[in-house]
$ cat coords_35.cif   # mmCIF, C-alpha atoms
data_target
loop_
_atom_site.group_PDB
_atom_site.id
_atom_site.type_symbol
_atom_site.label_atom_id
_atom_site.label_comp_id
_atom_site.auth_asym_id
_atom_site.auth_seq_id
_atom_site.Cartn_x
_atom_site.Cartn_y
_atom_site.Cartn_z
ATOM 1 C CA GLY A 1 -24.514 37.229 27.548
ATOM 2 C CA GLU A 2 -23.643 34.222 25.472
ATOM 3 C CA SER A 3 -21.011 31.670 26.367
ATOM 4 C CA VAL A 4 -19.888 28.388 24.964
ATOM 5 C CA GLY A 5 -20.168 25.375 27.223
ATOM 6 C CA LEU A 6 -18.645 21.950 26.784
ATOM 7 C CA HIS A 7 -20.954 21.117 23.912
ATOM 8 C CA LEU A 8 -23.912 23.445 24.290
ATOM 9 C CA PRO A 9 -23.769 27.233 24.063
ATOM 10 C CA THR A 10 -25.700 28.987 26.799
ATOM 11 C CA LEU A 11 -27.706 32.175 26.652
ATOM 12 C CA SER A 12 -28.483 33.841 29.979
ATOM 13 C CA VAL A 13 -31.187 36.484 30.148
ATOM 14 C CA GLN A 14 -33.111 38.323 32.819
ATOM 15 C CA GLU A 15 -36.754 37.549 33.331
ATOM 16 C CA GLY A 16 -38.853 39.902 31.245
ATOM 17 C CA ASP A 17 -36.172 40.537 28.657
ATOM 18 C CA ASN A 18 -36.410 39.351 25.082
ATOM 19 C CA SER A 19 -34.310 36.365 24.013
ATOM 20 C CA ILE A 20 -32.837 35.660 20.617
ATOM 21 C CA ILE A 21 -31.560 32.188 19.852
ATOM 22 C CA ASN A 22 -29.698 31.640 16.622
ATOM 23 C CA CYS A 23 -29.175 28.643 14.400
ATOM 24 C CA ALA A 24 -27.113 28.104 11.281
ATOM 25 C CA TYR A 25 -28.480 25.297 9.176
ATOM 26 C CA SER A 26 -26.443 23.180 6.866
ATOM 27 C CA ASN A 27 -28.481 22.089 3.885
ATOM 28 C CA SER A 28 -29.254 24.716 1.263
ATOM 29 C CA ALA A 29 -31.995 22.414 -0.045
ATOM 30 C CA SER A 30 -33.872 22.501 3.280
ATOM 31 C CA ASP A 31 -37.219 24.184 2.952
ATOM 32 C CA TYR A 32 -38.985 23.501 6.216
ATOM 33 C CA PHE A 33 -37.692 24.538 9.608
ATOM 34 C CA ILE A 34 -38.883 23.925 13.118
ATOM 35 C CA TRP A 35 -37.903 25.123 16.566
ATOM 36 C CA TYR A 36 -38.164 22.701 19.450
ATOM 37 C CA LYS A 37 -37.858 23.223 23.191
ATOM 38 C CA GLN A 38 -36.425 20.436 25.299
ATOM 39 C CA GLU A 39 -36.657 20.410 29.071
ATOM 40 C CA SER A 40 -34.419 18.199 31.115
ATOM 41 C CA GLY A 41 -35.316 14.522 30.830
ATOM 42 C CA LYS A 42 -38.050 15.104 28.275
ATOM 43 C CA GLY A 43 -38.496 14.834 24.557
ATOM 44 C CA PRO A 44 -38.482 17.877 22.261
ATOM 45 C CA GLN A 45 -41.624 19.978 22.250
ATOM 46 C CA PHE A 46 -42.753 21.823 19.114
ATOM 47 C CA ILE A 47 -42.646 25.609 19.359
ATOM 48 C CA ILE A 48 -43.035 27.049 15.883
ATOM 49 C CA ASP A 49 -42.271 26.209 12.277
ATOM 50 C CA ILE A 50 -41.652 28.097 9.059
ATOM 51 C CA ARG A 51 -41.494 27.208 5.400
ATOM 52 C CA SER A 52 -38.874 28.551 3.056
ATOM 53 C CA ASN A 53 -41.339 30.737 1.166
ATOM 54 C CA MET A 54 -41.599 32.907 4.271
ATOM 55 C CA ASP A 55 -39.007 34.935 6.137
ATOM 56 C CA LYS A 56 -40.937 35.564 9.315
ATOM 57 C CA ARG A 57 -43.632 33.862 11.306
ATOM 58 C CA GLN A 58 -45.113 34.796 14.639
ATOM 59 C CA GLY A 59 -46.701 32.779 17.361
ATOM 60 C CA GLN A 60 -47.610 33.479 20.932
ATOM 61 C CA ARG A 61 -44.588 35.317 22.385
ATOM 62 C CA VAL A 62 -42.333 33.703 19.775
ATOM 63 C CA THR A 63 -41.152 34.787 16.366
ATOM 64 C CA VAL A 64 -39.053 32.823 13.910
ATOM 65 C CA LEU A 65 -36.952 34.587 11.299
ATOM 66 C CA LEU A 66 -35.466 32.831 8.301
ATOM 67 C CA ASN A 67 -32.633 34.151 6.165
ATOM 68 C CA LYS A 68 -32.075 31.712 3.360
ATOM 69 C CA THR A 69 -29.266 33.742 1.843
ATOM 70 C CA VAL A 70 -26.984 33.032 4.770
ATOM 71 C CA LYS A 71 -28.774 29.874 5.924
ATOM 72 C CA HIS A 72 -29.680 31.352 9.259
ATOM 73 C CA LEU A 73 -32.665 30.846 11.496
ATOM 74 C CA SER A 74 -33.500 32.664 14.705
ATOM 75 C CA LEU A 75 -36.056 32.290 17.468
ATOM 76 C CA GLN A 76 -37.147 35.348 19.359
ATOM 77 C CA ILE A 77 -38.917 34.932 22.672
ATOM 78 C CA ALA A 78 -40.631 38.012 24.041
ATOM 79 C CA ALA A 79 -40.818 38.745 27.758
ATOM 80 C CA THR A 80 -38.838 35.659 28.670
ATOM 81 C CA GLN A 81 -40.110 33.773 31.705
ATOM 82 C CA PRO A 82 -38.410 31.270 34.038
ATOM 83 C CA GLY A 83 -40.491 28.534 32.429
ATOM 84 C CA ASP A 84 -38.740 29.242 29.161
ATOM 85 C CA SER A 85 -35.493 27.876 30.582
ATOM 86 C CA ALA A 86 -34.638 24.851 28.469
ATOM 87 C CA VAL A 87 -32.519 23.742 25.540
ATOM 88 C CA TYR A 88 -33.718 24.975 22.169
ATOM 89 C CA PHE A 89 -33.032 23.156 18.925
ATOM 90 C CA CYS A 90 -33.639 24.147 15.368
ATOM 91 C CA ALA A 91 -34.418 21.353 12.940
ATOM 92 C CA GLU A 92 -34.616 21.235 9.175
ATOM 93 C CA ASN A 93 -36.269 19.119 6.530
ATOM 94 C CA VAL A 94 -36.206 18.883 2.777
ATOM 95 C CA GLY A 95 -39.240 18.680 0.538
ATOM 96 C CA THR A 96 -42.782 17.716 1.362
ATOM 97 C CA GLY A 97 -42.024 14.133 2.274
ATOM 98 C CA ARG A 98 -42.281 13.045 5.851
ATOM 99 C CA ARG A 99 -38.622 12.513 6.419
ATOM 100 C CA ALA A 100 -36.625 12.509 9.603
ATOM 101 C CA LEU A 101 -35.508 15.901 10.799
ATOM 102 C CA THR A 102 -31.910 17.017 11.063
ATOM 103 C CA PHE A 103 -31.262 18.812 14.323
ATOM 104 C CA GLY A 104 -28.897 21.673 15.045
ATOM 105 C CA SER A 105 -26.555 21.619 18.001
ATOM 106 C CA GLY A 106 -28.872 23.409 20.421
ATOM 107 C CA THR A 107 -28.690 26.389 22.768
ATOM 108 C CA ARG A 108 -29.377 26.348 26.478
ATOM 109 C CA LEU A 109 -31.500 29.280 27.625
ATOM 110 C CA GLN A 110 -31.180 30.245 31.277
ATOM 111 C CA VAL A 111 -33.657 32.777 32.589
ATOM 112 C CA GLN A 112 -32.557 34.603 35.716
ATOM 113 C CA PRO A 113 -35.421 35.684 37.994
ATOM 114 C CA GLY B 1 -52.909 16.846 19.158
ATOM 115 C CA ALA B 2 -50.777 13.861 18.210
ATOM 116 C CA VAL B 3 -49.321 12.083 21.223
ATOM 117 C CA VAL B 4 -46.335 9.766 21.163
ATOM 118 C CA SER B 5 -45.741 7.649 24.239
ATOM 119 C CA GLN B 6 -42.545 5.860 25.203
ATOM 120 C CA HIS B 7 -42.031 3.137 27.753
ATOM 121 C CA PRO B 8 -40.123 2.814 29.974
ATOM 122 C CA SER B 9 -39.058 6.349 30.792
ATOM 123 C CA TRP B 10 -35.876 5.032 32.302
ATOM 124 C CA VAL B 11 -34.153 1.675 32.620
ATOM 125 C CA ILE B 12 -30.981 0.374 34.200
ATOM 126 C CA CYS B 13 -29.542 -2.873 32.938
ATOM 127 C CA LYS B 14 -26.401 -4.896 33.303
ATOM 128 C CA SER B 15 -23.803 -5.110 30.594
ATOM 129 C CA GLY B 16 -24.537 -7.934 28.179
ATOM 130 C CA THR B 17 -28.295 -7.938 28.638
ATOM 131 C CA SER B 18 -30.925 -6.695 26.190
ATOM 132 C CA VAL B 19 -33.431 -3.927 26.694
ATOM 133 C CA LYS B 20 -36.625 -3.216 24.777
ATOM 134 C CA ILE B 21 -38.068 0.269 24.423
ATOM 135 C CA GLU B 22 -41.614 0.790 23.168
ATOM 136 C CA CYS B 23 -42.936 3.722 21.197
ATOM 137 C CA ARG B 24 -46.664 4.131 20.685
ATOM 138 C CA SER B 25 -48.730 6.615 18.762
ATOM 139 C CA LEU B 26 -51.743 7.064 21.035
ATOM 140 C CA ASP B 27 -54.311 8.843 18.912
ATOM 141 C CA PHE B 28 -53.154 8.357 15.374
ATOM 142 C CA GLN B 29 -51.617 5.780 13.083
ATOM 143 C CA ALA B 30 -47.965 6.102 12.215
ATOM 144 C CA THR B 31 -46.627 4.157 9.255
ATOM 145 C CA THR B 32 -43.226 5.654 9.908
ATOM 146 C CA MET B 33 -41.501 6.327 13.191
ATOM 147 C CA PHE B 34 -38.021 7.646 13.795
ATOM 148 C CA TRP B 35 -35.602 6.674 16.528
ATOM 149 C CA TYR B 36 -33.086 9.216 17.785
ATOM 150 C CA ARG B 37 -30.296 8.993 20.330
ATOM 151 C CA GLN B 38 -29.086 11.867 22.442
ATOM 152 C CA PHE B 39 -25.942 11.934 24.541
ATOM 153 C CA PRO B 40 -25.618 14.447 27.394
ATOM 154 C CA LYS B 41 -25.314 18.055 26.280
ATOM 155 C CA GLN B 42 -25.580 17.028 22.651
ATOM 156 C CA SER B 43 -28.170 17.170 19.951
ATOM 157 C CA LEU B 44 -30.485 14.447 18.702
ATOM 158 C CA MET B 45 -28.916 12.078 16.213
ATOM 159 C CA LEU B 46 -31.084 9.966 13.948
ATOM 160 C CA MET B 47 -30.478 6.256 14.395
ATOM 161 C CA ALA B 48 -33.056 4.678 12.140
ATOM 162 C CA THR B 49 -36.371 4.998 10.388
ATOM 163 C CA SER B 50 -38.932 2.425 11.399
ATOM 164 C CA ASN B 51 -41.405 1.419 8.696
ATOM 165 C CA GLU B 52 -44.584 -0.494 9.491
ATOM 166 C CA GLY B 53 -44.517 -3.921 7.941
ATOM 167 C CA SER B 54 -41.026 -3.678 6.521
ATOM 168 C CA LYS B 55 -37.405 -3.469 7.561
ATOM 169 C CA ALA B 56 -36.057 -0.420 9.281
ATOM 170 C CA THR B 57 -33.625 1.878 7.542
ATOM 171 C CA TYR B 58 -30.515 2.531 9.584
ATOM 172 C CA GLU B 59 -28.252 5.545 9.477
ATOM 173 C CA GLN B 60 -24.602 5.112 8.668
ATOM 174 C CA GLY B 61 -22.660 3.854 11.641
ATOM 175 C CA VAL B 62 -25.669 2.389 13.478
ATOM 176 C CA GLU B 63 -25.441 -1.374 13.855
ATOM 177 C CA LYS B 64 -28.706 -2.960 12.785
ATOM 178 C CA ASP B 65 -27.927 -6.202 14.617
ATOM 179 C CA LYS B 66 -27.366 -4.327 17.840
ATOM 180 C CA PHE B 67 -30.339 -1.985 17.637
ATOM 181 C CA LEU B 68 -33.243 -4.151 16.549
ATOM 182 C CA ILE B 69 -36.327 -2.300 15.394
ATOM 183 C CA ASN B 70 -39.725 -3.860 14.966
ATOM 184 C CA HIS B 71 -42.731 -1.941 13.680
ATOM 185 C CA ALA B 72 -45.393 -4.602 13.703
ATOM 186 C CA SER B 73 -48.435 -2.362 13.851
ATOM 187 C CA LEU B 74 -49.467 1.142 12.871
ATOM 188 C CA THR B 75 -49.248 2.316 16.460
ATOM 189 C CA LEU B 76 -46.215 0.536 17.876
ATOM 190 C CA SER B 77 -42.513 0.479 17.152
ATOM 191 C CA THR B 78 -39.964 -1.151 19.430
ATOM 192 C CA LEU B 79 -36.240 -0.640 19.743
ATOM 193 C CA THR B 80 -34.250 -3.445 21.347
ATOM 194 C CA VAL B 81 -30.708 -2.746 22.424
ATOM 195 C CA THR B 82 -29.035 -6.137 22.330
ATOM 196 C CA SER B 83 -26.003 -7.089 24.403
ATOM 197 C CA ALA B 84 -25.931 -3.627 25.905
ATOM 198 C CA HIS B 85 -22.644 -2.050 26.930
ATOM 199 C CA PRO B 86 -21.943 1.049 29.015
ATOM 200 C CA GLU B 87 -21.291 3.083 25.861
ATOM 201 C CA ASP B 88 -24.918 2.421 24.841
ATOM 202 C CA SER B 89 -26.049 4.458 27.829
ATOM 203 C CA SER B 90 -27.968 7.344 26.332
ATOM 204 C CA PHE B 91 -31.347 9.017 25.967
ATOM 205 C CA TYR B 92 -33.393 7.300 23.270
ATOM 206 C CA ILE B 93 -36.274 9.228 21.735
ATOM 207 C CA CYS B 94 -38.857 8.113 19.220
ATOM 208 C CA SER B 95 -40.973 10.330 17.003
ATOM 209 C CA ALA B 96 -43.730 10.209 14.453
ATOM 210 C CA TYR B 97 -45.706 12.491 12.203
ATOM 211 C CA GLY B 98 -49.355 12.966 12.996
ATOM 212 C CA GLN B 99 -52.075 12.368 10.472
ATOM 213 C CA GLY B 100 -52.545 14.709 7.549
ATOM 214 C CA ALA B 101 -50.605 15.339 4.376
ATOM 215 C CA GLY B 102 -47.516 17.403 3.740
ATOM 216 C CA ASN B 103 -45.174 18.984 6.219
ATOM 217 C CA SER B 104 -46.252 19.043 9.808
ATOM 218 C CA PRO B 105 -44.366 18.977 13.055
ATOM 219 C CA LEU B 106 -42.700 15.778 14.084
ATOM 220 C CA HIS B 107 -44.055 14.706 17.464
ATOM 221 C CA PHE B 108 -41.704 13.232 20.012
ATOM 222 C CA GLY B 109 -42.037 10.851 22.875
ATOM 223 C CA ASN B 110 -40.615 11.803 26.243
ATOM 224 C CA GLY B 111 -37.595 9.607 25.773
ATOM 225 C CA THR B 112 -36.084 6.626 27.557
ATOM 226 C CA ARG B 113 -32.996 7.060 29.689
ATOM 227 C CA LEU B 114 -30.895 3.896 29.369
ATOM 228 C CA THR B 115 -28.092 3.286 31.831
ATOM 229 C CA VAL B 116 -25.920 0.227 31.316
ATOM 230 C CA THR B 117 -23.839 -0.784 34.318
#
$ encode --input "coords_35.cif" --output "structure tokens"
Amino acid sequence: GESVGLHLPTLSVQEGDNSIINCAYSNSASDYFIWYKQESGKGPQFIIDIRSNMDKRQGQRVTVLLNKTVKHLSLQIAATQPGDSAVYFCAENVGTGRRALTFGSGTRLQVQP
Amino acid sequence: GAVVSQHPSWVICKSGTSVKIECRSLDFQATTMFWYRQFPKQSLMLMATSNEGSKATYEQGVEKDKFLINHASLTLSTLTVTSAHPEDSSFYICSAYGQGAGNSPLHFGNGTRLTVT
């Protein structure tokens, strides 16, 4: 289930189950979205991205869904593995310029073996 | 793929001293790098945008005289925390876009854990 920690919500799943991590973004002008995975003591690692002209994009074991109407982004991880345990952040950008990203608050995913 | 390297990975310093953190783009040139700060259990917050050959652009609330940024070459940006205090203890992460036009993922270094005693 999902619980709210001190600052970071946590999602606990069993190994092999599918995980869904949600993100509400803030800027209606944002048109590029990225999911990052951050392991303890490391920098964020790119997982998958999506542009606003799409509502779904699939990668290897991951799918990102975008609902611009409600400004909602989700990351689905299929057959979750212990190595997927990390903190996941969504990030948004506006336009085609190479601007800094704005990060969401993050969700900690805990995979129980 | 684009690799961003940070050094050191961790540093402990005494209050009042200064600490320099380096960020290098290893296999590409980066005219712009971004510096983020992350407190425990929190998200990444943008501190400043580092521009090669010109002054950095700081976010509101970030003291430019305290967090000195130098981007002297296309592959190196440095962040110097001057007169560090315990409240500056944090995880500092730099990032840069790889080569190529348009949107592409922002690549991150592995961060520098700063502890000020």
$ closest_atom_pairs --input "coords_35.cif" --of "stretch 72-111 of chain B" --to "stretch 37-57 of chain B" --cutoff "6 Å" --atoms "only C-alpha atoms" --output "tab-separated table"
residue	atom	partner	partner_atom	distance
B:Ala72	CA	B:Gly53	CA	5.9
B:Ser90	CA	B:Phe39	CA	5.3
B:Phe91	CA	B:Gln38	CA	5.1
B:Tyr92	CA	B:Arg37	CA	4.6
$ write_last_selection --input "coords_35.cif" --atoms "C-alpha atoms" --output "tab-separated table (two decimals), in the coordinates of the input"
chain	number	residue	atom	x	y	z
B	72	ALA	CA	-45.39	-4.60	13.70
B	90	SER	CA	-27.97	7.34	26.33
B	91	PHE	CA	-31.35	9.02	25.97
B	92	TYR	CA	-33.39	7.30	23.27
$ resolve_selection --input "coords_35.cif" --expression "the PyMOL selection byres ((chain B and resi 87) around 12)" --output "PyMOL selection string"
chain B and resi 15-16+39+81+83-86+88-91+114-117
$ interface_residues --input "coords_35.cif" --of "chain A" --to "chain B" --cutoff "10 Å" --atoms "only C-alpha atoms" --output "VMD selection string"
chain A and resid 5 to 9 32 to 36 38 to 39 41 to 49 51 87 to 91 93 to 108
$ write_last_selection --input "coords_35.cif" --atoms "C-alpha atoms" --output "short mmCIF file (atom, residue, chain, number, x, y, z; two decimals), in the frame of the given file"
data_model
loop_
_atom_site.label_atom_id
_atom_site.label_comp_id
_atom_site.auth_asym_id
_atom_site.auth_seq_id
_atom_site.Cartn_x
_atom_site.Cartn_y
_atom_site.Cartn_z
CA GLY A 5 -20.17 25.38 27.22
CA LEU A 6 -18.64 21.95 26.78
CA HIS A 7 -20.95 21.12 23.91
CA LEU A 8 -23.91 23.44 24.29
CA PRO A 9 -23.77 27.23 24.06
CA TYR A 32 -38.98 23.50 6.22
CA PHE A 33 -37.69 24.54 9.61
CA ILE A 34 -38.88 23.92 13.12
CA TRP A 35 -37.90 25.12 16.57
CA TYR A 36 -38.16 22.70 19.45
CA GLN A 38 -36.42 20.44 25.30
CA GLU A 39 -36.66 20.41 29.07
CA GLY A 41 -35.32 14.52 30.83
CA LYS A 42 -38.05 15.10 28.28
CA GLY A 43 -38.50 14.83 24.56
CA PRO A 44 -38.48 17.88 22.26
CA GLN A 45 -41.62 19.98 22.25
CA PHE A 46 -42.75 21.82 19.11
CA ILE A 47 -42.65 25.61 19.36
CA ILE A 48 -43.04 27.05 15.88
CA ASP A 49 -42.27 26.21 12.28
CA ARG A 51 -41.49 27.21 5.40
CA VAL A 87 -32.52 23.74 25.54
CA TYR A 88 -33.72 24.98 22.17
CA PHE A 89 -33.03 23.16 18.92
CA CYS A 90 -33.64 24.15 15.37
CA ALA A 91 -34.42 21.35 12.94
CA ASN A 93 -36.27 19.12 6.53
CA VAL A 94 -36.21 18.88 2.78
CA GLY A 95 -39.24 18.68 0.54
CA THR A 96 -42.78 17.72 1.36
CA GLY A 97 -42.02 14.13 2.27
CA ARG A 98 -42.28 13.04 5.85
CA ARG A 99 -38.62 12.51 6.42
CA ALA A 100 -36.62 12.51 9.60
CA LEU A 101 -35.51 15.90 10.80
CA THR A 102 -31.91 17.02 11.06
CA PHE A 103 -31.26 18.81 14.32
CA GLY A 104 -28.90 21.67 15.04
CA SER A 105 -26.56 21.62 18.00
CA GLY A 106 -28.87 23.41 20.42
CA THR A 107 -28.69 26.39 22.77
CA ARG A 108 -29.38 26.35 26.48
#
$ resolve_selection --input "coords_35.cif" --expression "the PyMOL selection byres ((chain A and resi 80) around 7)" --output "list in words"
Glu15, Gly16, Asp17, Asn18, Ser19, Ile77, Ala78, Ala79, Gln81, Pro82 and Asp84 of chain A
$ atom_distance --input "coords_35.cif" --atom1 "atom CA of A:Ser26" --atom2 "atom CA of A:Val70"
10.1 Å
$ resolve_selection --input "coords_35.cif" --expression "the PyMOL selection byres ((chain A and resi 53) around 10)" --output "list in words"
Asp31, Tyr32, Ile50, Arg51, Ser52, Met54, Asp55, Lys56, Leu66 and Lys68 of chain A
$ axis_aligned_box --input "coords_35.cif" --around "stretch 47-56 of chain B" --padding-each-side "4 Å" --output "JSON"
{"center_x": -37.5, "center_y": 1.2, "center_z": 10.5, "size_x": 22.1, "size_y": 18.2, "size_z": 15.9}
$ atom_distance --input "coords_35.cif" --atom1 "atom CA of B:Asp27" --atom2 "atom CA of B:Asn70"
19.7 Å
$ atom_distance --input "coords_35.cif" --atom1 "atom CA of A:Leu75" --atom2 "atom CA of A:Val13"
14.2 Å
$ residues_around --input "coords_35.cif" --residues "B:Leu26" --least-positions-apart "4" --cutoff "8 Å" --atoms "all atoms listed in the file" --output "PyMOL selection string"
chain B and resi 2-5+75
$ residues_around --input "coords_35.cif" --residues "B:Lys20" --least-positions-apart "5" --cutoff "7 Å" --atoms "all atoms listed in the file" --output "CSV table (one decimal) with C-alpha atoms, in the coordinates of the input"
chain,number,residue,atom,x,y,z
B,78,THR,CA,-40.0,-1.2,19.4
B,79,LEU,CA,-36.2,-0.6,19.7
B,80,THR,CA,-34.2,-3.4,21.3
B,81,VAL,CA,-30.7,-2.7,22.4
$ build_atoms --input "coords_35.cif" --residues "stretch 17-29 of chain A" --atoms "N, CA and C atoms" --output "PDB file, in the frame of the given file"
ATOM      1  N   ASP A  17     -36.891  40.096  29.856  1.00  0.00           N
ATOM      2  CA  ASP A  17     -36.172  40.537  28.657  1.00  0.00           C
ATOM      3  C   ASP A  17     -36.578  39.680  27.461  1.00  0.00           C
ATOM      4  N   ASN A  18     -36.208  40.149  26.286  1.00  0.00           N
ATOM      5  CA  ASN A  18     -36.410  39.351  25.082  1.00  0.00           C
ATOM      6  C   ASN A  18     -35.176  38.483  24.823  1.00  0.00           C
ATOM      7  N   SER A  19     -35.405  37.297  24.317  1.00  0.00           N
ATOM      8  CA  SER A  19     -34.310  36.365  24.013  1.00  0.00           C
ATOM      9  C   SER A  19     -34.245  36.133  22.511  1.00  0.00           C
ATOM     10  N   ILE A  20     -33.016  36.012  22.028  1.00  0.00           N
ATOM     11  CA  ILE A  20     -32.837  35.660  20.617  1.00  0.00           C
ATOM     12  C   ILE A  20     -31.882  34.480  20.546  1.00  0.00           C
ATOM     13  N   ILE A  21     -32.362  33.402  19.999  1.00  0.00           N
ATOM     14  CA  ILE A  21     -31.560  32.188  19.852  1.00  0.00           C
ATOM     15  C   ILE A  21     -31.319  31.972  18.368  1.00  0.00           C
ATOM     16  N   ASN A  22     -30.074  31.738  18.027  1.00  0.00           N
ATOM     17  CA  ASN A  22     -29.698  31.640  16.622  1.00  0.00           C
ATOM     18  C   ASN A  22     -29.350  30.215  16.216  1.00  0.00           C
ATOM     19  N   CYS A  23     -29.490  29.971  14.933  1.00  0.00           N
ATOM     20  CA  CYS A  23     -29.175  28.643  14.400  1.00  0.00           C
ATOM     21  C   CYS A  23     -28.702  28.807  12.962  1.00  0.00           C
ATOM     22  N   ALA A  24     -27.590  28.156  12.657  1.00  0.00           N
ATOM     23  CA  ALA A  24     -27.113  28.104  11.281  1.00  0.00           C
ATOM     24  C   ALA A  24     -27.409  26.707  10.752  1.00  0.00           C
ATOM     25  N   TYR A  25     -28.174  26.625   9.700  1.00  0.00           N
ATOM     26  CA  TYR A  25     -28.480  25.297   9.176  1.00  0.00           C
ATOM     27  C   TYR A  25     -27.547  24.945   8.033  1.00  0.00           C
ATOM     28  N   SER A  26     -27.520  23.676   7.723  1.00  0.00           N
ATOM     29  CA  SER A  26     -26.443  23.180   6.866  1.00  0.00           C
ATOM     30  C   SER A  26     -26.849  22.929   5.420  1.00  0.00           C
ATOM     31  N   ASN A  27     -28.088  22.558   5.199  1.00  0.00           N
ATOM     32  CA  ASN A  27     -28.481  22.089   3.885  1.00  0.00           C
ATOM     33  C   ASN A  27     -29.223  23.183   3.112  1.00  0.00           C
ATOM     34  N   SER A  28     -28.630  23.647   2.040  1.00  0.00           N
ATOM     35  CA  SER A  28     -29.254  24.716   1.263  1.00  0.00           C
ATOM     36  C   SER A  28     -30.553  24.258   0.608  1.00  0.00           C
ATOM     37  N   ALA A  29     -30.758  22.943   0.533  1.00  0.00           N
ATOM     38  CA  ALA A  29     -31.995  22.414  -0.045  1.00  0.00           C
ATOM     39  C   ALA A  29     -33.129  22.337   0.974  1.00  0.00           C
TER      40      ALA A  29
END
